[in-house]
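Report on the following structure.
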Amino acid sequence: FNSVPLHLVKTLEEIEDYYQRYLEELRYFWPYETDGLIIIVNDRRLHPQIDARWVVDHHHHYMVAFKPPAVGKETILNEVDWQVSRQGNLIPVAIFTPIQLGGATLERATLHNAETVQKMCLTLGDTLLIERANDVIPYVKANLSHHENRQLVNTLIPKRCPSCNTQLQYRGVHIHCANKDCTDRQIEKVLYWVNCCQMENIAEVTIRQLFQKRLLRSVMDLYCITAEDLTHLEGFAEKKIQNFLREIEKIPKHTQH
């Protein structure tokens, strides 16, 4: 492992100088990704005295994080993909022309909810400003396109569920699919169970394939799948079948809530 470098400073000016070096040089030179600096008082005898100055705050104050300002790039909105969550809320994801940002190629970022799409007055072809929160998570910072009518009716918000075609309802900041049997809702519930149980070698594409073949409709159906069911499915060789069944057997079905 690469150790994190420590640098001793004695004045506020030296802190500012080192922080500028970090922004302009060090963060690109170090052989690993970083999302900021930690400034720590290195005399432990002073820690209780420093913390005692804040009565209601339970966090330590002898150390503080310095986060770099987010770096943004402009790109063009090509599509909004609405994904159904296990609770039935539709989460919009912006699909845009790929950009390079923070050493990664980005082409999608969450828009969080329907209200965000409305407030940004998004239409296809708009110019978006994309940033990465803490240099990690991409998000849409702003819509840089200026529409003459800011009350523009947004045509990107669907009226029916893209998975089951159920009429959507507004629920707070979200649009919501009330159909509990919605295929994507059930898929997300199974994926949530798989992730919570830390089952390995069971990818989303596999779960969707099993739903498509009608071998899976709920979490309980996972425990009814046999080797014979999987034998003739595309991509299921003997080793993959055994790995799949072994992961299911690791988590007894009676642990489901």
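As shown in the structure tokens, the chain order sets the letters A, B, ...; within each chain, residues go from 1, and ligands are also counted from 1 in the order they appear.
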Inset, instruction - Find the residues near stretch 36-42 of chain A: any atom within 7 Å, counting only C-alpha atoms, skip ones fewer than 6 places away on the same chain, and give them as a PyMOL selection string. - result: chain A and resi 62-68
Please save all heavy atoms of the selected residues as a PDB file, in the first residue's frame.
ATOM      1  N   TYR A  62     -10.385  19.314  16.150  1.00  0.00           N
ATOM      2  CA  TYR A  62      -8.940  19.462  16.002  1.00  0.00           C
ATOM      3  C   TYR A  62      -8.476  18.941  14.644  1.00  0.00           C
ATOM      4  O   TYR A  62      -7.286  18.911  14.361  1.00  0.00           O
ATOM      5  CB  TYR A  62      -8.188  18.736  17.125  1.00  0.00           C
ATOM      6  CG  TYR A  62      -8.605  17.300  17.342  1.00  0.00           C
ATOM      7  CD1 TYR A  62      -8.129  16.290  16.515  1.00  0.00           C
ATOM      8  CD2 TYR A  62      -9.468  16.964  18.383  1.00  0.00           C
ATOM      9  CE1 TYR A  62      -8.492  14.975  16.714  1.00  0.00           C
ATOM     10  CE2 TYR A  62      -9.844  15.646  18.586  1.00  0.00           C
ATOM     11  CZ  TYR A  62      -9.356  14.651  17.747  1.00  0.00           C
ATOM     12  OH  TYR A  62      -9.725  13.352  17.949  1.00  0.00           O
ATOM     13  N   MET A  63      -9.435  18.553  13.811  1.00  0.00           N
ATOM     14  CA  MET A  63      -9.115  18.193  12.432  1.00  0.00           C
ATOM     15  C   MET A  63     -10.249  18.693  11.536  1.00  0.00           C
ATOM     16  O   MET A  63     -11.402  18.757  11.957  1.00  0.00           O
ATOM     17  CB  MET A  63      -8.917  16.693  12.264  1.00  0.00           C
ATOM     18  CG  MET A  63     -10.161  15.852  12.494  1.00  0.00           C
ATOM     19  SD  MET A  63      -9.892  14.110  12.118  1.00  0.00           S
ATOM     20  CE  MET A  63      -8.854  13.644  13.494  1.00  0.00           C
ATOM     21  N   VAL A  64      -9.912  19.071  10.323  1.00  0.00           N
ATOM     22  CA  VAL A  64     -10.914  19.582   9.389  1.00  0.00           C
ATOM     23  C   VAL A  64     -10.521  19.154   7.971  1.00  0.00           C
ATOM     24  O   VAL A  64      -9.332  19.074   7.645  1.00  0.00           O
ATOM     25  CB  VAL A  64     -11.035  21.119   9.488  1.00  0.00           C
ATOM     26  CG1 VAL A  64      -9.715  21.796   9.111  1.00  0.00           C
ATOM     27  CG2 VAL A  64     -12.172  21.630   8.620  1.00  0.00           C
ATOM     28  N   ALA A  65     -11.529  18.848   7.163  1.00  0.00           N
ATOM     29  CA  ALA A  65     -11.280  18.436   5.778  1.00  0.00           C
ATOM     30  C   ALA A  65     -11.328  19.643   4.849  1.00  0.00           C
ATOM     31  O   ALA A  65     -12.204  20.493   4.970  1.00  0.00           O
ATOM     32  CB  ALA A  65     -12.324  17.408   5.351  1.00  0.00           C
ATOM     33  N   PHE A  66     -10.375  19.704   3.955  1.00  0.00           N
ATOM     34  CA  PHE A  66     -10.340  20.720   2.908  1.00  0.00           C
ATOM     35  C   PHE A  66     -10.675  20.031   1.592  1.00  0.00           C
ATOM     36  O   PHE A  66      -9.900  19.206   1.104  1.00  0.00           O
ATOM     37  CB  PHE A  66      -8.948  21.368   2.810  1.00  0.00           C
ATOM     38  CG  PHE A  66      -8.725  22.486   3.786  1.00  0.00           C
ATOM     39  CD1 PHE A  66      -8.868  22.281   5.153  1.00  0.00           C
ATOM     40  CD2 PHE A  66      -8.378  23.752   3.342  1.00  0.00           C
ATOM     41  CE1 PHE A  66      -8.664  23.304   6.051  1.00  0.00           C
ATOM     42  CE2 PHE A  66      -8.169  24.793   4.239  1.00  0.00           C
ATOM     43  CZ  PHE A  66      -8.319  24.565   5.601  1.00  0.00           C
ATOM     44  N   LYS A  67     -11.845  20.334   1.038  1.00  0.00           N
ATOM     45  CA  LYS A  67     -12.277  19.717  -0.210  1.00  0.00           C
ATOM     46  C   LYS A  67     -11.960  20.631  -1.387  1.00  0.00           C
ATOM     47  O   LYS A  67     -12.175  21.848  -1.305  1.00  0.00           O
ATOM     48  CB  LYS A  67     -13.782  19.438  -0.173  1.00  0.00           C
ATOM     49  CG  LYS A  67     -14.214  18.494   0.949  1.00  0.00           C
ATOM     50  CD  LYS A  67     -13.734  17.083   0.680  1.00  0.00           C
ATOM     51  CE  LYS A  67     -14.271  16.128   1.732  1.00  0.00           C
ATOM     52  NZ  LYS A  67     -13.886  14.734   1.472  1.00  0.00           N
ATOM     53  N   PRO A  68     -11.471  20.061  -2.486  1.00  0.00           N
ATOM     54  CA  PRO A  68     -11.209  20.894  -3.659  1.00  0.00           C
ATOM     55  C   PRO A  68     -12.514  21.326  -4.306  1.00  0.00           C
ATOM     56  O   PRO A  68     -13.523  20.605  -4.215  1.00  0.00           O
ATOM     57  CB  PRO A  68     -10.415  19.960  -4.595  1.00  0.00           C
ATOM     58  CG  PRO A  68     -10.873  18.588  -4.203  1.00  0.00           C
ATOM     59  CD  PRO A  68     -11.123  18.644  -2.718  1.00  0.00           C
TER      60      PRO A  68
END
Legend entry - Which of stretch 40-253 of chain A fall in alpha helix (DSSP H), as JSON, numbers by chain: {"A": [47, 48, 49, 50, 51, 114, 115, 116, 117, 118, 119, 183, 184, 185, 186, 187, 188, 189, 190, 191, 192, 193, 194, 195, 196, 204, 205, 206, 207, 208, 209, 210, 211, 212, 227, 228, 229, 230, 238, 239, 240, 241, 242, 243, 244, 245, 246, 247, 248, 249, 250]}
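You will find atom CA of A:Ile248 at 8.8 Å from atom CA of A:Val194.
Between A:Met199 and the candidates A:Thr123, A:Asn243, A:Ser218, A:Gln186, the tightest atom-to-atom separation, counting only C-alpha atoms, involves A:Asn243.
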Legend entry - Residue set, stretch 26-119 of chain A restricted to strand (DSSP E or B), as a ChimeraX atom specification: /A:37-40,63-66,72-84,89-101,104-110
So that I can check the surroundings of A:Arg108, please list as a compact mmCIF listing (two decimals) with C-alpha atoms, in the first residue's frame every protein, DNA and RNA residue that reaches within 12 Å of it, counting only C-alpha atoms and ignoring chain neighbours fewer than 3 positions away.
# COMPACT_ATOMS: atom_id res chain seq x y z
CA THR A 75 -22.09 18.61 -22.58
CA ILE A 76 -25.36 17.99 -24.46
CA LEU A 77 -28.40 16.17 -23.05
CA ASN A 78 -29.31 13.31 -25.41
CA GLU A 79 -31.87 11.37 -23.39
CA VAL A 80 -33.48 10.94 -19.97
CA ASP A 81 -33.72 7.33 -18.79
CA PRO A 92 -34.48 10.08 -13.95
CA VAL A 93 -30.95 9.61 -15.28
CA ALA A 94 -29.48 12.10 -17.75
CA ILE A 95 -27.73 10.52 -20.75
CA PHE A 96 -25.37 13.01 -22.36
CA THR A 97 -22.54 13.25 -24.86
CA PRO A 98 -19.50 11.58 -23.19
CA ILE A 99 -17.00 13.87 -21.47
CA GLN A 100 -13.68 13.39 -19.67
CA ALA A 104 -13.03 9.26 -15.96
CA THR A 105 -15.30 9.10 -18.99
CA LEU A 111 -31.32 13.81 -11.88
CA LEU A 128 -25.67 20.77 -19.20
CA ILE A 130 -21.67 18.28 -15.19
CA GLU A 131 -19.62 18.14 -11.99
CA ARG A 132 -18.35 15.33 -9.76
CA ILE A 137 -20.12 11.06 -8.03
CA PRO A 138 -21.22 12.79 -11.26
CA TYR A 139 -24.25 15.07 -11.09
CA VAL A 140 -25.98 17.69 -13.22
Inset, instruction - Find the spatial neighbours of stretch 83-89 of chain A, counting only C-alpha atoms, within a cut-off of 6 Å - ignore same-chain residues fewer than 5 positions away - and output them as a PyMOL selection string. - result: chain A and resi 175-177+184-185+188-189
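Residues within 12 Å of A:Ile202, counting only C-alpha atoms and excluding same-chain residues fewer than 6 positions away, are Val190, Leu191, Tyr192, Trp193, Val194, Asn195, Arg208, Gln209, Leu210, Leu222, Phe236, Lys240, Ile241, Gln242, Asn243, Phe244, Leu245, Arg246, Glu247 and Ile248 of chain A.
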Inset, instruction - Provide the atom CA of A:Thr155 to atom CA of A:Lys180 distance in Å, to one decimal place. - result: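 Separation between atom CA of A:Thr155 and atom CA of A:Lys180: 25.9 Å.
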Legend entry - atom CA of A:Leu144 to atom CA of A:Thr127, distance in Å rounded to a single decimal: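 We find that atom CA of A:Leu144 and atom CA of A:Thr127 lie 5.3 Å from each other.
Of the residues listed (A:Leu26, A:Gly125, A:Ala142, A:His112), A:Ala142 shows the shortest atom-to-atom separation from A:Lys73; distances use only C-alpha atoms.
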Inset, instruction - Choose the residue, out of A:Cys164, A:Val136, A:Cys197, A:Val205, that has the smallest atom-to-atom separation from A:Thr183; count only C-alpha atoms. - result: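 Ranking A:Cys164, A:Val136, A:Cys197, A:Val205 by distance to A:Thr183, first place goes to A:Cys164.
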Inset, instruction - Would you mind listing what lies within 10 Å of A:Thr166 as number ranges by chain, with only C-alpha atoms counted and same-chain residues fewer than 3 positions away left out? - result: A: 159-163, 169, 176-179, 182
